[in-house]
Amino acid sequence: MGKRAESVVVTGGAGFIGSELTRQLLASGAHVTVVDNLVNGKRENLANIESDLLRLEVVDIRDTDTMRSLLRGADKVFHLACMGVRHSIHNPAENHDVNASATLGLLQLAKSANVKRFIYVSSSEVYGTTRFAPMTEEHTTFPMTVYGASKLAGECYARAFFETYDFPTVVVRPFNSFGPRCHHEGDSGEVIPKFMLRALAGKPLIVFGDGSQTRDFTFVTDTARGIVLAGETDKAVGQTINLGSGIETSIKDLADEVKRTVNRQDAEVQFHAPRPGDILRLIADSSKASDLLNYAPAMELRDGLVLLRDWYQQQESSVEELLKEEVVHNWTHSVPE
Ligand SMILES: NC(=O)c1ccc[n+]([C@@H]2O[C@H](COP(=O)([O-])OP(=O)(O)OC[C@H]3O[C@@H](n4cnc5c(N)ncnc54)[C@H](O)[C@@H]3O)[C@@H](O)[C@H]2O)c1
């Protein structure tokens, strides 16, 4: 008799990274239930998947009763659902509620359902700015935003469930990801899609601060592969693992690289005031992922940018239409009392 196909739940699976993770899990033969309330995810992110093994449940992860029934019989949970960094600036309480409290709730439900592995997708934002480089998993965690703080709380709960209850959790910390289905819109908008769409439209690229701040960029297929490996590798249980490239790129250099990619070297770069709580430097030490997961990112920044450019050019919506959804200063809402 053949091996039973694994049954996995991906929270946030209609989002940017979750939809790529879902594709990779389906390709490995797993039954995948995506749980997503579509607040930032989209059904279209899961379009063109030819598989009877995929089910989308439009559910809020805070809906305890529904989550209890969805986790019944699941072998693994990949927990990605969360609200983002700019959302945390104007709505800190909801950010904490979704990212931290709901993670604790899901851990309890997953443990009761005898889930065999819970993979918590955290973020490099938990570190705050670099105190030593490259950043190993032992680097201090000193988040600068409520988002970073709530992601850190979520990962602490996941780790505590391993230590206290012997519940098999893994924490992964992706660094900045980019690629098809990344966000340019509203408060989810990220630097690479915003730069790329603006460069394609011949509009100025907008840098917050002086552009010397750095990030470690990973193409989304690599990020998702690292998450899959964290779900497969027994040595990963109880561990916290960076998923980054180990290559540091300043935002100013990124702007130049994007201009080259779209052949718009003439595009103007404008410098605006820095963002609140912006991290100045991020660079991963990825040796633990290499040792434990045999993981190494395959895609270089330059090649990934070309793929993203081509993907935008294949979309039904024009670059100009997509840019209408961009909010340039996408954190400047007043903080609630
Ligand atoms: N994109 C990056 O560069 C990056 C870097 C580090 C870590 N991460 C982490 O990876 C994960 C996925 O990030 P992403 O960039 O794909 O973001 P995303 O916003 O595209 O995905 C998150 C998904 O969660 C869903 N969601 C939000 N609140 C929900 C709720 N209450 N109930 C159900 N679903 C809900 C959203 O609709 C969305 O589809 C997150 O946990 C994030 O912290 C992302």
# chains A, B, ... in the order shown; residues from 1 in each chain; ligands from 1

$ residues_around --residues "A:Thr223" --least-positions-apart "5" --cutoff "12 Å" --atoms "only C-alpha atoms" --output "PyMOL selection string"
chain A and resi 16-21+24+121+123+172-179+216-218+228-230+241-245+289+295-299

$ residues_near_ligand --ligand "ligand 1" --cutoff "8 Å" --atoms "only C-alpha atoms and all ligand atoms" --output "VMD selection string"
chain A and resid 11 to 19 35 to 42 58 to 62 79 to 84 98 to 99 102 120 to 125 151 173 to 178 182 to 183 188 190 217

$ write_last_selection --atoms "C-alpha atoms" --output "mmCIF file, in the first residue's frame"
data_model
loop_
_atom_site.group_PDB
_atom_site.id
_atom_site.type_symbol
_atom_site.label_atom_id
_atom_site.label_comp_id
_atom_site.auth_asym_id
_atom_site.auth_seq_id
_atom_site.Cartn_x
_atom_site.Cartn_y
_atom_site.Cartn_z
ATOM 1 C CA THR A 11 -2.643 29.772 7.417
ATOM 2 C CA GLY A 12 -2.160 32.862 5.275
ATOM 3 C CA GLY A 13 -1.890 30.580 2.235
ATOM 4 C CA ALA A 14 -3.606 33.060 -0.087
ATOM 5 C CA GLY A 15 -0.882 35.612 0.631
ATOM 6 C CA PHE A 16 2.424 36.258 -1.097
ATOM 7 C CA ILE A 17 4.706 33.631 0.499
ATOM 8 C CA GLY A 18 1.847 31.327 1.554
ATOM 9 C CA SER A 19 0.603 30.885 -2.020
ATOM 10 C CA VAL A 35 -6.964 29.169 5.809
ATOM 11 C CA ASP A 36 -7.073 32.850 4.930
ATOM 12 C CA ASN A 37 -9.595 35.625 5.599
ATOM 13 C CA LEU A 38 -8.406 37.381 2.414
ATOM 14 C CA VAL A 39 -7.761 40.665 4.226
ATOM 15 C CA ASN A 40 -4.480 40.936 2.330
ATOM 16 C CA GLY A 41 -4.454 37.641 0.437
ATOM 17 C CA LYS A 42 -6.303 37.024 -2.830
ATOM 18 C CA VAL A 58 -12.044 31.782 3.974
ATOM 19 C CA VAL A 59 -11.786 31.954 7.753
ATOM 20 C CA ASP A 60 -10.266 34.271 10.329
ATOM 21 C CA ILE A 61 -7.647 32.426 12.397
ATOM 22 C CA ARG A 62 -9.223 34.033 15.491
ATOM 23 C CA HIS A 79 1.397 29.267 10.288
ATOM 24 C CA LEU A 80 1.955 32.368 8.161
ATOM 25 C CA ALA A 81 -1.244 34.400 8.647
ATOM 26 C CA CYS A 82 -0.471 37.783 10.122
ATOM 27 C CA MET A 83 -0.884 41.513 9.712
ATOM 28 C CA GLY A 84 2.134 43.456 8.479
ATOM 29 C CA VAL A 98 -3.706 38.494 15.063
ATOM 30 C CA ASN A 99 0.039 37.943 15.229
ATOM 31 C CA ALA A 102 -4.076 34.114 17.671
ATOM 32 C CA TYR A 120 5.830 29.093 12.792
ATOM 33 C CA VAL A 121 6.905 31.578 10.157
ATOM 34 C CA SER A 122 8.400 34.478 12.077
ATOM 35 C CA SER A 123 10.448 37.340 10.616
ATOM 36 C CA SER A 124 13.884 38.947 10.661
ATOM 37 C CA GLU A 125 12.060 42.006 12.049
ATOM 38 C CA LYS A 151 6.062 38.200 15.694
ATOM 39 C CA ARG A 173 12.858 33.663 10.406
ATOM 40 C CA PRO A 174 12.690 34.682 6.746
ATOM 41 C CA PHE A 175 14.489 37.866 5.737
ATOM 42 C CA ASN A 176 12.893 40.125 3.088
ATOM 43 C CA SER A 177 11.301 38.141 0.285
ATOM 44 C CA PHE A 178 10.311 39.253 -3.191
ATOM 45 C CA CYS A 182 4.452 40.327 -3.777
ATOM 46 C CA HIS A 183 2.632 43.396 -2.475
ATOM 47 C CA SER A 188 1.311 45.953 2.567
ATOM 48 C CA GLU A 190 7.134 46.546 -0.156
ATOM 49 C CA PHE A 217 16.646 39.765 -0.086
#

$ residues_around --residues "stretch 282-284 of chain A" --least-positions-apart "2" --cutoff "6 Å" --atoms "only C-alpha atoms" --output "VMD selection string"
chain A and resid 130 134 to 135 214 to 216 244 246 248 286

$ write_last_selection --atoms "C-alpha atoms" --output "PDB file, in the first residue's frame"
ATOM      1  CA  THR A 130      22.061  44.657  13.343  1.00  0.00           C
ATOM      2  CA  PRO A 134      25.963  38.618   9.827  1.00  0.00           C
ATOM      3  CA  MET A 135      23.117  37.946  12.273  1.00  0.00           C
ATOM      4  CA  THR A 214      20.364  47.479   4.000  1.00  0.00           C
ATOM      5  CA  ARG A 215      18.278  44.344   3.610  1.00  0.00           C
ATOM      6  CA  ASP A 216      18.949  40.711   2.799  1.00  0.00           C
ATOM      7  CA  GLY A 244      18.185  34.550   4.256  1.00  0.00           C
ATOM      8  CA  GLY A 246      23.662  36.313   3.592  1.00  0.00           C
ATOM      9  CA  GLU A 248      23.455  42.640   2.051  1.00  0.00           C
ATOM     10  CA  SER A 286      22.384  31.327   7.077  1.00  0.00           C
TER      11      SER A 286
END

$ select_by_dssp --residues "stretch 10-216 of chain A" --states "strand (DSSP E or B)" --output "PyMOL selection string"
chain A and resi 10-11+31-35+54-57+76-79+117-121+135+169-174+177-178+205-208+214-215

$ atom_distance --atom1 "atom CA of A:Leu197" --atom2 "atom CA of A:Val126"
28.5 Å

$ residues_around --residues "A:Lys203" --least-positions-apart "6" --cutoff "12 Å" --atoms "only C-alpha atoms" --output "compact mmCIF listing (two decimals) with N, CA and C atoms, in the first residue's frame"
# COMPACT_ATOMS: atom_id res chain seq x y z
N LYS A 194 7.36 48.18 -5.30
CA LYS A 194 7.09 49.61 -5.49
C LYS A 194 8.14 50.22 -6.43
N PHE A 195 9.40 49.89 -6.20
CA PHE A 195 10.46 50.39 -7.11
C PHE A 195 10.21 49.90 -8.53
N MET A 196 9.91 48.61 -8.66
CA MET A 196 9.82 48.02 -10.00
C MET A 196 8.66 48.63 -10.80
N LEU A 197 7.50 48.75 -10.16
CA LEU A 197 6.34 49.31 -10.88
C LEU A 197 6.61 50.76 -11.26
N LYS A 259 16.48 49.79 -11.72
CA LYS A 259 16.51 50.64 -12.92
C LYS A 259 17.18 49.91 -14.08
N ARG A 264 15.71 51.41 -17.38
CA ARG A 264 15.32 52.81 -17.20
C ARG A 264 16.36 53.50 -16.32
N GLN A 265 17.62 53.48 -16.79
CA GLN A 265 18.69 54.10 -16.00
C GLN A 265 18.44 55.58 -15.76
N ASP A 266 17.55 56.16 -16.59
CA ASP A 266 17.27 57.59 -16.46
C ASP A 266 16.25 57.87 -15.35
N ALA A 267 15.63 56.83 -14.79
CA ALA A 267 14.59 57.07 -13.78
C ALA A 267 15.17 57.83 -12.59
N GLU A 268 14.38 58.78 -12.10
CA GLU A 268 14.85 59.61 -10.99
C GLU A 268 14.68 58.87 -9.66
N VAL A 269 15.60 59.12 -8.70
CA VAL A 269 15.43 58.58 -7.35
C VAL A 269 15.21 59.77 -6.42
N GLN A 270 14.08 59.74 -5.69
CA GLN A 270 13.79 60.84 -4.75
C GLN A 270 13.98 60.33 -3.32
N VAL A 319 0.75 48.35 -15.59
CA VAL A 319 1.59 48.91 -14.52
C VAL A 319 0.91 50.15 -13.93
N GLU A 320 0.30 50.96 -14.80
CA GLU A 320 -0.35 52.20 -14.33
C GLU A 320 -1.54 51.86 -13.42
N LEU A 323 -0.27 50.71 -10.10
CA LEU A 323 0.29 51.81 -9.31
C LEU A 323 -0.80 52.65 -8.63

$ closest_residue --among "A:Asp63, A:Thr22, A:Ala113, A:Gly211" --to "A:Ile227" --atoms "only C-alpha atoms"
A:Thr22

$ select_by_dssp --residues "stretch 151-220 of chain A" --states "alpha helix (DSSP H)" --output "list in words"
Lys151, Leu152, Ala153, Gly154, Glu155, Cys156, Tyr157, Ala158, Arg159, Ala160, Phe161, Phe162, Glu163, Thr164, Tyr165, Val191, Ile192, Pro193, Lys194, Phe195, Met196, Leu197, Arg198, Ala199, Leu200 and Val220 of chain A

$ write_last_selection --atoms "N, CA and C atoms" --output "PDB file, in the first residue's frame"
ATOM      1  N   LYS A 151       5.499  39.408  16.330  1.00  0.00           N
ATOM      2  CA  LYS A 151       6.062  38.200  15.694  1.00  0.00           C
ATOM      3  C   LYS A 151       6.983  37.493  16.689  1.00  0.00           C
ATOM      4  N   LEU A 152       7.701  38.281  17.477  1.00  0.00           N
ATOM      5  CA  LEU A 152       8.590  37.677  18.490  1.00  0.00           C
ATOM      6  C   LEU A 152       7.754  36.946  19.545  1.00  0.00           C
ATOM      7  N   ALA A 153       6.643  37.562  19.955  1.00  0.00           N
ATOM      8  CA  ALA A 153       5.770  36.883  20.929  1.00  0.00           C
ATOM      9  C   ALA A 153       5.286  35.561  20.339  1.00  0.00           C
ATOM     10  N   GLY A 154       4.877  35.585  19.082  1.00  0.00           N
ATOM     11  CA  GLY A 154       4.392  34.360  18.431  1.00  0.00           C
ATOM     12  C   GLY A 154       5.448  33.276  18.435  1.00  0.00           C
ATOM     13  N   GLU A 155       6.677  33.662  18.115  1.00  0.00           N
ATOM     14  CA  GLU A 155       7.723  32.623  18.078  1.00  0.00           C
ATOM     15  C   GLU A 155       8.084  32.148  19.488  1.00  0.00           C
ATOM     16  N   CYS A 156       8.011  33.048  20.472  1.00  0.00           N
ATOM     17  CA  CYS A 156       8.276  32.620  21.856  1.00  0.00           C
ATOM     18  C   CYS A 156       7.225  31.601  22.292  1.00  0.00           C
ATOM     19  N   TYR A 157       5.960  31.826  21.917  1.00  0.00           N
ATOM     20  CA  TYR A 157       4.914  30.860  22.278  1.00  0.00           C
ATOM     21  C   TYR A 157       5.190  29.512  21.597  1.00  0.00           C
ATOM     22  N   ALA A 158       5.596  29.563  20.334  1.00  0.00           N
ATOM     23  CA  ALA A 158       5.872  28.303  19.613  1.00  0.00           C
ATOM     24  C   ALA A 158       7.008  27.550  20.317  1.00  0.00           C
ATOM     25  N   ARG A 159       8.046  28.278  20.691  1.00  0.00           N
ATOM     26  CA  ARG A 159       9.195  27.655  21.366  1.00  0.00           C
ATOM     27  C   ARG A 159       8.776  27.116  22.735  1.00  0.00           C
ATOM     28  N   ALA A 160       7.941  27.902  23.446  1.00  0.00           N
ATOM     29  CA  ALA A 160       7.483  27.473  24.772  1.00  0.00           C
ATOM     30  C   ALA A 160       6.665  26.186  24.669  1.00  0.00           C
ATOM     31  N   PHE A 161       5.877  26.046  23.616  1.00  0.00           N
ATOM     32  CA  PHE A 161       5.098  24.803  23.468  1.00  0.00           C
ATOM     33  C   PHE A 161       6.020  23.613  23.259  1.00  0.00           C
ATOM     34  N   PHE A 162       7.160  23.826  22.627  1.00  0.00           N
ATOM     35  CA  PHE A 162       8.131  22.732  22.485  1.00  0.00           C
ATOM     36  C   PHE A 162       8.764  22.420  23.837  1.00  0.00           C
ATOM     37  N   GLU A 163       9.219  23.467  24.527  1.00  0.00           N
ATOM     38  CA  GLU A 163       9.948  23.258  25.786  1.00  0.00           C
ATOM     39  C   GLU A 163       9.029  22.727  26.889  1.00  0.00           C
ATOM     40  N   THR A 164       7.832  23.292  26.986  1.00  0.00           N
ATOM     41  CA  THR A 164       6.947  22.947  28.098  1.00  0.00           C
ATOM     42  C   THR A 164       6.161  21.661  27.862  1.00  0.00           C
ATOM     43  N   TYR A 165       5.666  21.506  26.624  1.00  0.00           N
ATOM     44  CA  TYR A 165       4.752  20.377  26.365  1.00  0.00           C
ATOM     45  C   TYR A 165       5.344  19.347  25.415  1.00  0.00           C
ATOM     46  N   VAL A 191       9.302  47.376  -0.785  1.00  0.00           N
ATOM     47  CA  VAL A 191      10.201  48.224  -1.583  1.00  0.00           C
ATOM     48  C   VAL A 191      10.417  47.683  -3.000  1.00  0.00           C
ATOM     49  N   ILE A 192      10.635  46.402  -3.173  1.00  0.00           N
ATOM     50  CA  ILE A 192      10.970  45.923  -4.523  1.00  0.00           C
ATOM     51  C   ILE A 192       9.796  46.099  -5.492  1.00  0.00           C
ATOM     52  N   PRO A 193       8.581  45.639  -5.143  1.00  0.00           N
ATOM     53  CA  PRO A 193       7.485  45.874  -6.094  1.00  0.00           C
ATOM     54  C   PRO A 193       7.207  47.360  -6.334  1.00  0.00           C
ATOM     55  N   LYS A 194       7.356  48.184  -5.302  1.00  0.00           N
ATOM     56  CA  LYS A 194       7.093  49.613  -5.486  1.00  0.00           C
ATOM     57  C   LYS A 194       8.138  50.219  -6.434  1.00  0.00           C
ATOM     58  N   PHE A 195       9.401  49.891  -6.202  1.00  0.00           N
ATOM     59  CA  PHE A 195      10.457  50.387  -7.108  1.00  0.00           C
ATOM     60  C   PHE A 195      10.210  49.899  -8.535  1.00  0.00           C
ATOM     61  N   MET A 196       9.913  48.608  -8.657  1.00  0.00           N
ATOM     62  CA  MET A 196       9.821  48.023 -10.002  1.00  0.00           C
ATOM     63  C   MET A 196       8.663  48.631 -10.797  1.00  0.00           C
ATOM     64  N   LEU A 197       7.499  48.752 -10.156  1.00  0.00           N
ATOM     65  CA  LEU A 197       6.345  49.312 -10.875  1.00  0.00           C
ATOM     66  C   LEU A 197       6.609  50.763 -11.258  1.00  0.00           C
ATOM     67  N   ARG A 198       7.218  51.508 -10.352  1.00  0.00           N
ATOM     68  CA  ARG A 198       7.508  52.916 -10.650  1.00  0.00           C
ATOM     69  C   ARG A 198       8.520  53.031 -11.788  1.00  0.00           C
ATOM     70  N   ALA A 199       9.544  52.180 -11.743  1.00  0.00           N
ATOM     71  CA  ALA A 199      10.547  52.246 -12.813  1.00  0.00           C
ATOM     72  C   ALA A 199       9.916  51.864 -14.150  1.00  0.00           C
ATOM     73  N   LEU A 200       9.063  50.840 -14.143  1.00  0.00           N
ATOM     74  CA  LEU A 200       8.402  50.427 -15.387  1.00  0.00           C
ATOM     75  C   LEU A 200       7.513  51.541 -15.936  1.00  0.00           C
ATOM     76  N   VAL A 220      11.124  34.454  -3.564  1.00  0.00           N
ATOM     77  CA  VAL A 220      10.055  33.755  -2.818  1.00  0.00           C
ATOM     78  C   VAL A 220      10.091  32.230  -2.971  1.00  0.00           C
TER      79      VAL A 220
END

$ decode --residues "stretch 267-303 of chain A" --atoms "C-alpha atoms" --output "compact mmCIF listing (two decimals), in the first residue's frame"
# COMPACT_ATOMS: atom_id res chain seq x y z
CA ALA A 267 14.59 57.07 -13.78
CA GLU A 268 14.85 59.61 -10.99
CA VAL A 269 15.43 58.58 -7.35
CA GLN A 270 13.79 60.84 -4.75
CA PHE A 271 14.74 60.82 -1.07
CA HIS A 272 11.95 61.33 1.47
CA ALA A 273 12.01 61.43 5.30
CA PRO A 274 12.78 58.08 6.97
CA ARG A 275 10.02 55.72 8.10
CA PRO A 276 9.32 55.44 11.83
CA GLY A 277 10.98 52.41 13.41
CA ASP A 278 12.86 51.60 10.20
CA ILE A 279 15.63 49.06 10.67
CA LEU A 280 19.01 50.27 9.44
CA ARG A 281 20.78 47.03 8.70
CA LEU A 282 19.73 43.39 8.22
CA ILE A 283 21.92 40.54 7.04
CA ALA A 284 21.43 36.87 7.79
CA ASP A 285 23.93 34.29 8.84
CA SER A 286 22.38 31.33 7.08
CA SER A 287 24.81 28.63 8.24
CA LYS A 288 22.25 27.02 10.56
CA ALA A 289 19.76 26.60 7.69
CA SER A 290 22.57 25.16 5.62
CA ASP A 291 23.64 22.71 8.35
CA LEU A 292 20.21 21.62 9.57
CA LEU A 293 18.09 21.89 6.44
CA ASN A 294 20.72 21.62 3.73
CA TYR A 295 19.24 24.91 2.53
CA ALA A 296 20.85 27.46 0.27
CA PRO A 297 18.96 30.04 -1.76
CA ALA A 298 19.34 29.37 -5.49
CA MET A 299 18.19 32.67 -6.99
CA GLU A 300 20.37 35.76 -7.12
CA LEU A 301 18.81 39.18 -6.63
CA ARG A 302 19.52 40.21 -10.22
CA ASP A 303 17.89 37.10 -11.73
